[in-house]
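Trainee: Okay, so here is target.cif, and as you'll see once you scroll down, it has mmCIF, C-alpha atoms.
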```
data_final
#
loop_
_atom_site.label_atom_id
_atom_site.label_comp_id
_atom_site.auth_asym_id
_atom_site.auth_seq_id
_atom_site.Cartn_x
_atom_site.Cartn_y
_atom_site.Cartn_z
CA MET D 1 145.70 134.18 127.06
CA LYS D 2 145.60 130.80 125.32
CA PRO D 3 148.90 129.29 124.13
CA ALA D 4 149.39 129.23 120.37
CA LYS D 5 148.03 126.11 118.72
CA LYS D 6 150.78 123.80 117.52
CA ARG D 7 150.98 122.77 113.90
CA ILE D 8 151.07 118.98 113.68
CA VAL D 9 152.61 117.22 110.70
CA ILE D 10 153.02 113.68 109.39
CA THR D 11 156.63 112.59 108.89
CA GLY D 12 156.45 108.81 108.46
CA ILE D 13 154.07 106.30 106.88
CA GLY D 14 153.86 102.53 107.25
CA ILE D 15 151.14 100.47 105.63
CA ILE D 16 150.24 96.86 104.94
CA THR D 17 147.14 95.98 102.95
CA SER D 18 145.91 93.31 100.59
CA ASN D 19 146.99 95.36 97.57
CA GLY D 20 150.36 96.58 98.79
CA ILE D 21 153.00 96.24 101.49
CA GLY D 22 154.80 99.50 102.13
CA LYS D 23 153.69 102.97 101.07
CA ASP D 24 155.26 102.93 97.60
CA GLU D 25 153.63 99.68 96.50
CA PHE D 26 150.31 100.69 98.08
CA TRP D 27 150.29 104.09 96.37
CA LYS D 28 151.34 102.63 93.02
CA ASN D 29 148.56 100.04 93.11
CA LEU D 30 145.97 102.60 94.20
CA GLU D 31 146.88 104.80 91.27
CA LYS D 32 146.61 101.82 88.90
CA GLY D 33 143.33 100.67 90.43
CA VAL D 34 144.76 97.31 91.51
CA SER D 35 142.46 95.33 93.79
CA GLY D 36 143.71 93.17 96.64
CA ILE D 37 140.39 91.37 96.97
CA LYS D 38 140.68 87.64 96.27
CA GLN D 39 139.43 84.27 97.48
CA VAL D 40 140.22 83.79 101.15
CA SER D 41 142.92 81.25 102.05
CA LEU D 42 143.24 81.72 105.83
CA PHE D 43 140.14 79.62 106.56
CA ASP D 44 137.54 77.47 104.82
CA THR D 45 134.38 79.14 103.49
CA GLY D 46 133.09 76.11 101.62
CA ASN D 47 129.80 76.02 103.52
CA LEU D 48 129.16 79.77 103.17
CA LYS D 49 127.70 81.89 100.37
CA THR D 50 130.71 84.25 100.38
CA HIS D 51 134.35 83.47 99.71
CA THR D 52 136.34 86.64 98.97
CA THR D 53 138.23 89.04 101.24
CA GLY D 54 140.92 91.66 101.23
CA GLU D 55 143.46 89.22 102.66
CA ILE D 56 147.17 90.01 102.96
CA LYS D 57 148.57 87.01 101.12
CA ASP D 58 151.82 85.25 102.10
CA PHE D 59 152.52 87.64 104.98
CA ASP D 60 155.76 86.87 106.82
CA ALA D 61 156.54 89.27 109.67
CA ALA D 62 160.01 87.78 110.18
CA LYS D 63 161.03 89.16 106.79
CA TYR D 64 160.70 92.67 108.23
CA LEU D 65 161.16 92.25 111.98
CA GLY D 66 163.51 89.26 112.26
CA GLU D 67 162.61 86.03 114.07
CA LYS D 68 163.16 87.25 117.62
CA GLY D 69 160.05 87.77 119.74
CA LEU D 70 157.48 86.70 117.12
CA ARG D 71 156.70 83.13 118.14
CA LEU D 72 153.92 83.96 120.59
CA LEU D 73 152.43 86.98 118.79
CA ASP D 74 149.14 86.79 116.90
CA ARG D 75 148.50 87.99 113.33
CA THR D 76 147.13 91.38 114.39
CA THR D 77 150.20 92.19 116.44
CA LYS D 78 152.64 91.06 113.76
CA ILE D 79 150.90 93.09 111.05
CA VAL D 80 150.78 96.30 113.09
CA ASN D 81 154.37 95.96 114.32
CA VAL D 82 155.57 95.76 110.73
CA ALA D 83 153.51 98.86 109.87
CA ALA D 84 154.97 100.68 112.90
CA LYS D 85 158.51 99.75 111.85
CA PHE D 86 157.86 101.03 108.34
CA ALA D 87 156.55 104.32 109.75
CA LEU D 88 159.46 104.85 112.15
CA ASP D 89 162.01 103.98 109.46
CA ASP D 90 160.29 106.27 106.97
CA ALA D 91 160.32 109.12 109.50
CA ASN D 92 163.96 108.35 110.36
CA LEU D 93 162.89 108.76 113.99
CA LYS D 94 165.51 107.22 116.28
CA ILE D 95 164.14 106.42 119.72
CA ASP D 96 166.52 106.13 122.64
CA GLU D 97 166.73 107.15 126.30
CA SER D 98 167.13 110.80 125.31
CA ASN D 99 163.65 111.06 123.73
CA THR D 100 161.62 107.93 124.52
CA ASN D 101 159.56 109.68 127.21
CA GLU D 102 158.45 112.24 124.63
CA VAL D 103 157.08 109.61 122.20
CA GLY D 104 153.77 107.75 122.49
CA VAL D 105 151.70 105.09 120.77
CA VAL D 106 147.97 105.25 119.97
CA LEU D 107 146.26 102.40 118.13
CA GLY D 108 142.73 102.10 116.83
CA THR D 109 141.50 98.50 116.93
CA THR D 110 138.25 96.92 118.06
CA LEU D 111 138.36 93.31 116.83
CA GLY D 112 142.12 92.82 117.11
CA SER D 113 141.94 90.25 119.89
CA VAL D 114 138.93 88.24 118.70
CA TRP D 115 140.94 85.36 117.19
CA SER D 116 143.26 85.10 120.20
CA ILE D 117 140.36 85.15 122.68
CA SER D 118 138.51 82.49 120.70
CA GLU D 119 141.50 80.17 120.38
CA PHE D 120 142.50 80.59 124.04
CA ASP D 121 138.97 79.87 125.22
CA LYS D 122 138.63 76.94 122.84
CA THR D 123 141.66 75.26 124.40
CA SER D 124 140.41 76.03 127.89
CA LEU D 125 137.02 74.46 127.17
CA ARG D 126 138.48 71.37 125.53
CA GLU D 127 141.40 70.69 127.84
CA GLY D 128 140.47 72.61 130.97
CA PRO D 129 142.11 75.75 132.40
CA ARG D 130 145.33 73.85 133.13
CA GLY D 131 145.66 72.96 129.46
CA VAL D 132 146.12 76.50 128.16
CA ASN D 133 149.48 78.08 127.45
CA PRO D 134 149.67 81.10 129.81
CA ALA D 135 152.16 82.77 127.45
CA LEU D 136 149.31 83.20 124.94
CA PHE D 137 147.03 84.99 127.40
CA PRO D 138 148.44 88.52 126.73
CA ASN D 139 147.21 88.27 123.12
CA THR D 140 143.64 88.11 124.39
CA VAL D 141 143.80 91.64 125.81
CA ILE D 142 142.64 94.37 123.43
CA ASN D 143 145.58 96.68 124.23
CA SER D 144 148.16 93.97 123.55
CA PRO D 145 149.00 95.00 119.93
CA ALA D 146 149.65 98.62 120.96
CA SER D 147 151.69 97.50 123.95
CA GLN D 148 153.81 95.24 121.78
CA ILE D 149 154.68 98.22 119.57
CA SER D 150 155.99 100.08 122.61
CA ILE D 151 157.89 97.01 123.82
CA ARG D 152 159.55 96.33 120.47
CA PHE D 153 160.54 99.93 119.77
CA VAL D 154 161.11 100.97 123.41
CA ILE D 155 158.55 103.77 123.44
CA LYS D 156 157.88 104.90 127.03
CA GLY D 157 155.85 108.11 126.75
CA PHE D 158 152.29 106.73 126.76
CA ASN D 159 150.35 103.88 125.21
CA THR D 160 146.64 103.94 124.38
CA THR D 161 144.16 101.77 122.50
CA ILE D 162 141.00 103.29 120.99
CA ALA D 163 138.14 100.87 120.24
CA THR D 164 135.33 102.86 118.64
CA GLY D 165 134.72 100.59 115.65
CA PHE D 166 134.64 102.09 112.16
CA THR D 167 136.04 105.43 113.35
CA ALA D 168 138.71 104.03 115.70
CA SER D 169 141.85 104.96 113.79
CA LEU D 170 140.79 108.55 113.08
CA ASP D 171 139.72 108.81 116.73
CA ALA D 172 143.19 107.53 117.64
CA LEU D 173 144.76 110.20 115.44
CA ARG D 174 142.72 112.91 117.12
CA TYR D 175 143.70 111.60 120.56
CA ALA D 176 147.37 111.60 119.55
CA CYS D 177 147.13 115.18 118.29
CA ASP D 178 145.64 116.24 121.63
CA PHE D 179 148.67 114.84 123.46
CA ILE D 180 150.98 116.93 121.29
CA GLN D 181 148.82 120.04 121.71
CA LEU D 182 148.92 119.57 125.50
CA ASN D 183 152.75 119.28 125.48
CA ARG D 184 152.55 115.68 126.69
CA ALA D 185 154.40 114.35 123.65
CA LYS D 186 156.56 115.59 120.79
CA ALA D 187 155.91 112.62 118.53
CA VAL D 188 153.31 109.83 118.37
CA VAL D 189 153.17 106.59 116.39
CA VAL D 190 149.47 106.29 115.59
CA GLY D 191 147.14 104.33 113.34
CA GLY D 192 144.85 101.33 113.13
CA VAL D 193 144.77 97.59 112.53
CA GLU D 194 142.31 94.75 112.00
CA GLU D 195 143.11 91.17 111.04
CA LEU D 196 141.09 88.72 109.00
CA CYS D 197 139.97 85.64 110.92
CA ILE D 198 137.07 83.20 110.73
CA GLN D 199 135.48 84.53 113.92
CA THR D 200 135.25 88.14 112.69
CA TYR D 201 134.27 87.04 109.20
CA LEU D 202 131.41 84.91 110.53
CA GLY D 203 130.23 87.77 112.72
CA PHE D 204 129.76 90.06 109.73
CA TYR D 205 128.39 87.16 107.66
CA LYS D 206 125.68 86.27 110.18
CA LEU D 207 124.68 89.92 110.43
CA LYS D 208 124.29 89.73 106.62
CA PHE D 209 126.66 92.65 106.29
CA LEU D 210 128.85 90.90 103.69
CA ALA D 211 128.26 91.26 99.96
CA GLY D 212 126.56 88.12 98.69
CA SER D 213 125.32 86.99 102.11
CA LYS D 214 121.74 88.09 101.46
CA ASP D 215 119.53 87.33 98.47
CA SER D 216 121.94 88.45 95.75
CA ASP D 217 124.86 86.27 94.71
CA LEU D 218 126.94 89.32 93.71
CA GLU D 219 130.09 89.30 95.83
CA LEU D 220 131.75 92.57 94.91
CA SER D 221 132.91 95.79 96.53
CA CYS D 222 131.36 98.47 94.32
CA PRO D 223 130.85 101.67 96.34
CA PHE D 224 128.17 104.08 95.06
CA ASP D 225 127.25 101.56 92.34
CA LYS D 226 123.59 100.60 92.01
CA ARG D 227 124.53 96.89 92.37
CA ARG D 228 126.10 97.27 95.83
CA ASN D 229 124.78 94.88 98.44
CA GLY D 230 127.32 94.73 101.28
CA ILE D 231 130.97 94.88 102.24
CA ILE D 232 133.94 92.75 101.35
CA PHE D 233 135.84 92.37 104.62
CA GLY D 234 139.49 93.39 104.42
CA GLU D 235 142.43 93.36 106.78
CA GLY D 236 145.34 95.73 107.12
CA ALA D 237 147.33 98.15 109.22
CA SER D 238 148.53 101.67 108.72
CA MET D 239 150.68 103.64 111.16
CA VAL D 240 152.00 107.17 110.81
CA VAL D 241 154.44 109.24 112.79
CA ILE D 242 153.07 112.64 113.75
CA GLU D 243 155.11 115.45 115.32
CA ASP D 244 154.77 119.08 116.19
CA LEU D 245 156.20 121.16 113.38
CA GLU D 246 159.00 122.62 115.44
CA SER D 247 160.33 119.19 116.42
CA ALA D 248 160.03 117.86 112.87
CA GLN D 249 161.90 120.80 111.39
CA ALA D 250 164.56 120.69 114.09
CA ARG D 251 165.57 117.20 113.05
CA GLY D 252 165.20 117.87 109.32
CA ALA D 253 162.33 115.43 108.81
CA LYS D 254 160.48 115.06 105.52
CA ILE D 255 156.94 116.39 105.94
CA TYR D 256 154.20 114.62 103.98
CA ALA D 257 151.26 116.72 105.09
CA GLU D 258 149.76 118.75 107.90
CA ILE D 259 146.80 117.67 110.03
CA LEU D 260 144.37 120.56 109.81
CA SER D 261 141.29 119.52 111.77
CA PHE D 262 138.84 116.90 112.99
CA GLY D 263 135.09 116.71 113.35
CA SER D 264 133.28 114.13 115.47
CA TYR D 265 129.66 113.48 116.31
CA PHE D 266 127.99 110.59 118.12
CA ASP D 267 124.46 109.82 116.98
CA PRO D 268 122.74 107.69 119.68
CA TYR D 269 120.34 106.02 117.29
CA ARG D 270 120.69 102.25 117.78
CA ILE D 271 123.26 99.43 117.61
CA ASN D 272 124.09 98.01 114.16
CA LYS D 273 121.57 100.25 112.44
CA TYR D 274 122.33 103.31 110.33
CA ASN D 275 120.31 106.43 110.99
CA ARG D 276 118.88 106.93 107.51
CA LEU D 277 118.81 110.73 107.98
CA GLY D 278 122.61 110.79 108.48
CA PRO D 279 122.85 113.62 111.04
CA GLY D 280 126.16 112.35 112.36
CA ILE D 281 128.26 112.44 109.20
CA ARG D 282 126.76 115.80 108.25
CA ALA D 283 127.68 117.28 111.64
CA ALA D 284 131.17 115.74 111.58
CA MET D 285 131.96 117.15 108.12
CA ARG D 286 130.67 120.59 109.04
CA SER D 287 132.69 120.55 112.26
CA ALA D 288 135.88 119.52 110.43
CA LEU D 289 135.44 122.33 107.90
CA GLU D 290 134.75 124.87 110.61
CA ASN D 291 137.70 123.76 112.76
CA ALA D 292 140.03 124.00 109.75
CA GLN D 293 138.54 127.39 108.84
CA LEU D 294 137.83 126.07 105.36
CA THR D 295 134.81 126.15 103.07
CA PRO D 296 133.65 123.36 100.70
CA ARG D 297 135.44 125.19 97.87
CA ASN D 298 138.77 124.58 99.65
CA ILE D 299 138.40 120.77 99.59
CA ASP D 300 140.10 119.19 96.58
CA TYR D 301 139.18 115.55 97.27
CA ILE D 302 136.94 113.53 99.58
CA CYS D 303 138.29 110.12 100.59
CA ALA D 304 134.92 108.55 101.26
CA ASN D 305 133.75 106.09 103.88
CA ALA D 306 131.64 104.36 101.20
CA ASN D 307 131.86 100.61 101.82
CA SER D 308 129.43 99.27 99.21
CA THR D 309 126.44 98.91 101.53
CA LYS D 310 123.10 100.22 100.28
CA GLU D 311 122.43 102.54 103.20
CA ALA D 312 125.90 103.85 104.10
CA ASP D 313 126.82 104.95 100.59
CA LEU D 314 123.49 106.70 100.08
CA ILE D 315 123.68 108.41 103.48
CA GLU D 316 127.17 109.69 102.69
CA ALA D 317 126.25 110.87 99.19
CA GLU D 318 123.24 112.79 100.52
CA ALA D 319 125.32 114.24 103.36
CA ILE D 320 128.00 115.47 100.93
CA LYS D 321 125.34 117.09 98.75
CA ASP D 322 123.83 118.77 101.80
CA VAL D 323 127.09 120.02 103.34
CA PHE D 324 128.85 120.95 100.09
CA GLY D 325 125.85 122.47 98.32
CA ASP D 326 126.67 123.62 94.80
CA GLN D 327 130.23 122.27 95.21
CA ALA D 328 129.03 118.71 95.86
CA LYS D 329 129.19 117.54 92.25
CA LYS D 330 132.43 119.41 91.57
CA VAL D 331 134.63 117.88 94.25
CA PRO D 332 136.08 114.43 93.38
CA VAL D 333 134.92 111.63 95.71
CA SER D 334 136.25 108.06 95.75
CA SER D 335 136.42 104.99 97.96
CA ILE D 336 139.58 102.90 98.30
CA LYS D 337 137.39 100.17 99.86
CA SER D 338 136.61 99.11 96.31
CA MET D 339 140.24 97.88 96.22
CA VAL D 340 141.02 96.81 99.80
CA GLY D 341 137.62 96.10 101.33
CA GLU D 342 136.14 97.27 104.62
CA SER D 343 138.79 97.02 107.34
CA PHE D 344 136.61 98.26 110.20
CA SER D 345 138.84 99.99 112.80
CA ALA D 346 141.70 100.30 110.33
CA CYS D 347 139.67 101.93 107.54
CA GLY D 348 140.39 105.51 108.61
CA ALA D 349 144.11 104.83 108.87
CA LEU D 350 144.14 103.22 105.42
CA SER D 351 142.23 106.19 104.01
CA LEU D 352 144.74 108.52 105.66
CA ALA D 353 147.63 106.67 104.03
CA ALA D 354 145.85 106.78 100.67
CA SER D 355 145.21 110.51 101.03
CA LEU D 356 148.86 111.15 101.89
CA GLY D 357 149.84 109.30 98.72
CA ALA D 358 147.32 111.35 96.74
CA ILE D 359 148.88 114.60 98.00
CA GLU D 360 152.45 113.34 97.57
CA ASN D 361 152.04 111.87 94.08
CA LYS D 362 149.31 114.22 92.81
CA PHE D 363 146.57 111.75 91.96
CA ILE D 364 143.08 110.78 93.09
CA PRO D 365 142.52 107.05 93.66
CA PRO D 366 139.64 105.58 91.66
CA THR D 367 136.47 103.87 92.78
CA ILE D 368 136.86 100.62 90.85
CA ASN D 369 134.06 98.18 89.92
CA TYR D 370 131.84 101.16 89.10
CA LYS D 371 129.52 100.00 86.34
CA GLU D 372 125.90 100.95 87.05
CA PRO D 373 125.45 104.53 88.32
CA ASP D 374 122.99 105.13 91.12
CA ALA D 375 121.00 108.28 90.43
CA GLU D 376 120.81 108.97 94.17
CA CYS D 377 124.61 108.90 94.49
CA ASP D 378 125.24 111.33 91.66
CA LEU D 379 128.67 112.64 92.68
CA ASP D 380 132.00 112.82 90.85
CA ILE D 381 132.92 109.24 91.81
CA VAL D 382 136.30 109.08 89.92
CA ALA D 383 135.10 105.89 88.30
CA ASN D 384 137.55 103.04 87.57
CA LYS D 385 140.59 105.13 86.63
CA SER D 386 142.69 107.40 88.81
CA ARG D 387 142.91 111.08 87.99
CA LYS D 388 145.96 113.32 88.01
CA LYS D 389 145.38 116.32 90.24
CA GLU D 390 147.39 118.48 92.59
CA LEU D 391 145.75 118.45 95.99
CA LYS D 392 145.98 120.98 98.79
CA SER D 393 143.23 119.81 101.17
CA VAL D 394 141.65 116.37 101.58
CA LEU D 395 138.61 115.43 103.67
CA ILE D 396 138.55 111.88 105.08
CA ASN D 397 135.21 110.43 106.20
CA THR D 398 134.52 107.53 108.57
CA PHE D 399 131.27 106.45 110.18
CA GLY D 400 129.47 103.28 111.20
CA PRO D 401 126.04 101.85 111.97
CA SER D 402 126.33 102.26 115.74
CA GLY D 403 126.53 106.05 115.98
CA THR D 404 130.20 106.99 115.56
CA ASN D 405 131.15 109.64 112.98
CA THR D 406 134.65 111.13 112.60
CA CYS D 407 136.17 113.21 109.81
CA ALA D 408 139.67 114.57 109.38
CA ILE D 409 141.14 117.16 107.04
CA ILE D 410 144.78 117.02 106.02
CA GLY D 411 146.57 119.53 103.86
CA LYS D 412 149.67 119.89 101.74
CA PHE D 413 152.38 121.33 103.97
CA SER D 414 153.21 124.98 103.54
CA LYS D 415 155.80 126.83 105.62
CA ASN D 416 153.43 129.81 105.91
#
```
Would you encode the structure as structure tokens?

Mentor:
Amino acid sequence: MKPAKKRIVITGIGIITSNGIGKDEFWKNLEKGVSGIKQVSLFDTGNLKTHTTGEIKDFDAAKYLGEKGLRLLDRTTKIVNVAAKFALDDANLKIDESNTNEVGVVLGTTLGSVWSISEFDKTSLREGPRGVNPALFPNTVINSPASQISIRFVIKGFNTTIATGFTASLDALRYACDFIQLNRAKAVVVGGVEELCIQTYLGFYKLKFLAGSKDSDLELSCPFDKRRNGIIFGEGASMVVIEDLESAQARGAKIYAEILSFGSYFDPYRINKYNRLGPGIRAAMRSALENAQLTPRNIDYICANANSTKEADLIEAEAIKDVFGDQAKKVPVSSIKSMVGESFSACGALSLAASLGAIENKFIPPTINYKEPDAECDLDIVANKSRKKELKSVLINTFGPSGTNTCAIIGKFSKN
């Protein structure tokens, strides 16, 4: 006989994005449709066609973490440690020797070490191997940001980094839930992070993935809009604390929502190329619905993957129409990437935080910059202004051009 499946809930939220630091500011600005996309200041783009990003302006980690232990940490690690602190504080989860072995960390990040690797290697090439600072070497390892969370907050249970690209943070969430289901943890600090740096920016630019980097000079994040022509790259981090329901209730924790299900599908099509038929996102949505024992009629809002690229938005719109059938044009769909940009590995975690705010504060974030409807993306886009609505179940979509597709469904917590 199989053991009863545990109910897993979210009890703490920490988020840092270009349009808000902390959950309250982030949620308020989402509801108002405030964009964090501005001209980049972290590096010079004078010789490029594109100049805007979802950059976290004037970020100072010491303001939240204190000065100790920050000197040698890179931007990625500082951002995600602040998000983790916010989440732990929000959950009022005190970690000490009595429970540290029952708490873990899972982080979704794929590009988090790119800047550190580049700078370390640059010094090595210019000055020789003896010229590098060995204290900076740990930053070049992809699991360093997650490890630094465990070090700072003394979390000893387990520590894992998931690097699956666009779906990384939802994949991290699923991995964390598995640990709780298998009785290997009672609580997990989980989420995603990506930083903005010239190396990553140029990578997307040279692939002509950025809005304005091709023939058009329009540099705008406008998901589902007919004018869309590429992403605006954004940075950010979002961490949540998840627990099994019994543990959360035993310590009197506030419960934001319950994690109902996941759906994943890998489509081995080709690298950096969307499969125009979209079998992956269709299969992932269907799997998530089936695993939650829900039908399309039970979904009150879809927090879309839509990142303002021609193909991805169309693939997702067609997949929603296919999977949801006659409900497709009735369920509200919006993309927060119109306000914060495409944050790659962190996008699922940011969408999760947005969806938690939507459930908590009873609103649907808008898709801003929506001006010219695309007849092929004829969904209820929640254009430009947020909408008041009580939500019980939210579907979150993530997928990328290299085959990964992951969806999650979260629901308003009910004791029944």

Trainee: Please identify all polymer residues within 9 Å of region 358-375 of chain D, counting only C-alpha atoms, omitting same-chain residues fewer than 5 positions from it, and present them as a PyMOL selection string.

Mentor: chain D and resi 27+30-35+220-227+256-257+301+303+332-339+353+381-394+411-412

Trainee: Applied to the shown file, which residues does the PyMOL selection byres ((chain D and resi 110) around 8) return, written as a PyMOL selection string?

Mentor: chain D and resi 108-109+111-113+142+162-165+168+194+345

Trainee: Once the PyMOL selection byres ((chain D and resi 120) around 12) has been applied to the shown file, what residues remain in the selection, as a ChimeraX atom specification?

Mentor: /D:74,113-119,121-141

Trainee: Give me the result of the PyMOL selection byres ((chain D and resi 294) around 12) on this file, residue by residue, as a list in words.

Mentor: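 This file, filtered by the PyMOL selection byres ((chain D and resi 294) around 12), leaves Leu260, Ser261, Phe262, Met285, Arg286, Ser287, Ala288, Leu289, Glu290, Asn291, Ala292, Gln293, Thr295, Pro296, Arg297, Asn298, Ile299, Asp300, Phe324, Lys392, Ser393, Val394, Leu395, Ile409, Ile410 and Gly411 of chain D.
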
Trainee: What are the closest atom pairs, with distances in Å to one decimal, for all residues of region 91-145 of chain D lying within 6 Å of region 151-159 of chain D? Consider all atoms listed in the file, order rows by chain and residue number, and present the result as a Markdown table.

Mentor:
```
| residue | atom | partner | partner_atom | distance |
| --- | --- | --- | --- | --- |
| D:Thr100 | CA | D:Ile155 | CA | 5.3 |
| D:Asn101 | CA | D:Gly157 | CA | 4.1 |
| D:Glu102 | CA | D:Gly157 | CA | 5.3 |
| D:Val103 | CA | D:Gly157 | CA | 4.9 |
| D:Gly104 | CA | D:Phe158 | CA | 4.6 |
| D:Val105 | CA | D:Asn159 | CA | 4.8 |
| D:Val106 | CA | D:Asn159 | CA | 5.9 |
```

Trainee: Go ahead and find all residues with at least one atom no further than 7 Å from (150.8, 90.0, 108.4) in the file's coordinates, using only C-alpha atoms; report them as an mmCIF file with C-alpha atoms, in the frame of the given file.

Mentor:
```
data_model
loop_
_atom_site.group_PDB
_atom_site.id
_atom_site.type_symbol
_atom_site.label_atom_id
_atom_site.label_comp_id
_atom_site.auth_asym_id
_atom_site.auth_seq_id
_atom_site.Cartn_x
_atom_site.Cartn_y
_atom_site.Cartn_z
ATOM 1 C CA ILE D 56 147.170 90.010 102.960
ATOM 2 C CA PHE D 59 152.520 87.640 104.980
ATOM 3 C CA ASP D 60 155.760 86.870 106.820
ATOM 4 C CA ALA D 61 156.540 89.270 109.670
ATOM 5 C CA ARG D 75 148.500 87.990 113.330
ATOM 6 C CA LYS D 78 152.640 91.060 113.760
ATOM 7 C CA ILE D 79 150.900 93.090 111.050
#
```

Trainee: Between D:Ile8, D:Ala211, D:Ile13, D:Leu70, which has the minimum distance to Leu352 (chain D) (counting all atoms listed in the file)?

Mentor: D:Ile13

Trainee: Residues near Phe204 (chain D), anyone? I mean within 10 Å using only C-alpha atoms, not counting same-chain ones fewer than 4 positions away, as a ChimeraX atom specification.

Mentor: /D:199-200,208-211,213,230-233

Trainee: Ranking D:Ala172, D:Ala284, D:Val190, D:Val340 by minimum distance to Phe399 (chain D) and counting all atoms listed in the file, which one comes first?

Mentor: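 Among the listed residues, D:Ala284 lies closest to Phe399 (chain D).
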
Trainee: From the set D:Ala91, D:Asp380, D:Val40, D:Asp178, which residue has the shortest atom-to-atom contact distance to Arg251 (chain D), counting all atoms listed in the file?

Mentor: D:Ala91

Trainee: For Tyr265 (chain D), list every protein, DNA or RNA residue within 12 Å, evaluated using only C-alpha atoms, and leave out those in the same chain fewer than 4 positions away; present the list as a PyMOL selection string.

Mentor: chain D and resi 167+171+269+278-288+397-400+402-407

Trainee: Need the neighbours of (158.5, 101.9, 114.8): which residues are at most 9 Å away, counting all atoms listed in the file, as a CSV table (one decimal) with C-alpha atoms, in the coordinates of the input?

Mentor:
```csv
chain,number,residue,atom,x,y,z
D,14,GLY,CA,153.9,102.5,107.2
D,81,ASN,CA,154.4,96.0,114.3
D,82,VAL,CA,155.6,95.8,110.7
D,83,ALA,CA,153.5,98.9,109.9
D,84,ALA,CA,155.0,100.7,112.9
D,85,LYS,CA,158.5,99.8,111.8
D,86,PHE,CA,157.9,101.0,108.3
D,87,ALA,CA,156.6,104.3,109.8
D,88,LEU,CA,159.5,104.8,112.2
D,89,ASP,CA,162.0,104.0,109.5
D,93,LEU,CA,162.9,108.8,114.0
D,94,LYS,CA,165.5,107.2,116.3
D,95,ILE,CA,164.1,106.4,119.7
D,149,ILE,CA,154.7,98.2,119.6
D,150,SER,CA,156.0,100.1,122.6
D,152,ARG,CA,159.6,96.3,120.5
D,153,PHE,CA,160.5,99.9,119.8
D,155,ILE,CA,158.6,103.8,123.4
D,189,VAL,CA,153.2,106.6,116.4
D,239,MET,CA,150.7,103.6,111.2
D,241,VAL,CA,154.4,109.2,112.8
```

Trainee: For the atom pair CA of Ser41 (chain D) and CA of Leu107 (chain D), what is the interatomic distance in Å to one decimal place?

Mentor: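 It comes out at 26.8 Å.
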
Trainee: If you count all atoms listed in the file, which residues fall within 12 Å of Ile180 (chain D), apart from same-chain ones fewer than 3 positions away, as an MDAnalysis selection string?

Mentor: chainID D and resid 5:9 102:105 157:158 173:177 183:189 241:247

Trainee: How many Å separate CA of Ser147 (chain D) from CA of Ala346 (chain D)?

Mentor: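 That distance, rounded to one decimal, is 17.1 Å.
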
Trainee: Please measure the separation of CA of Thr76 (chain D) and CA of Gly191 (chain D), giving the value in Å to one decimal.

Mentor: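 Separating CA of Thr76 (chain D) from CA of Gly191 (chain D) is a distance of 13.0 Å.
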
Trainee: Would you please work out which residue, of D:Ala250, D:His51, D:Pro145, D:Ala306, is nearest to Ser351 (chain D) when using all atoms listed in the file?

Mentor: D:Ala306

Trainee: Which residue, D:Ala237, D:Ile315, D:Leu72, D:Ile198, has the smallest gap to Leu42 (chain D) when you use all atoms listed in the file?

Mentor: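 Of all the options, D:Ile198 lies closest to Leu42 (chain D).
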
Trainee: Skip Leu48 (chain D) itself and residues of its chain fewer than 5 positions away, then list as a ChimeraX atom specification all residues within 10 Å of it, counting only C-alpha atoms.

Mentor: /D:202,205,212-213
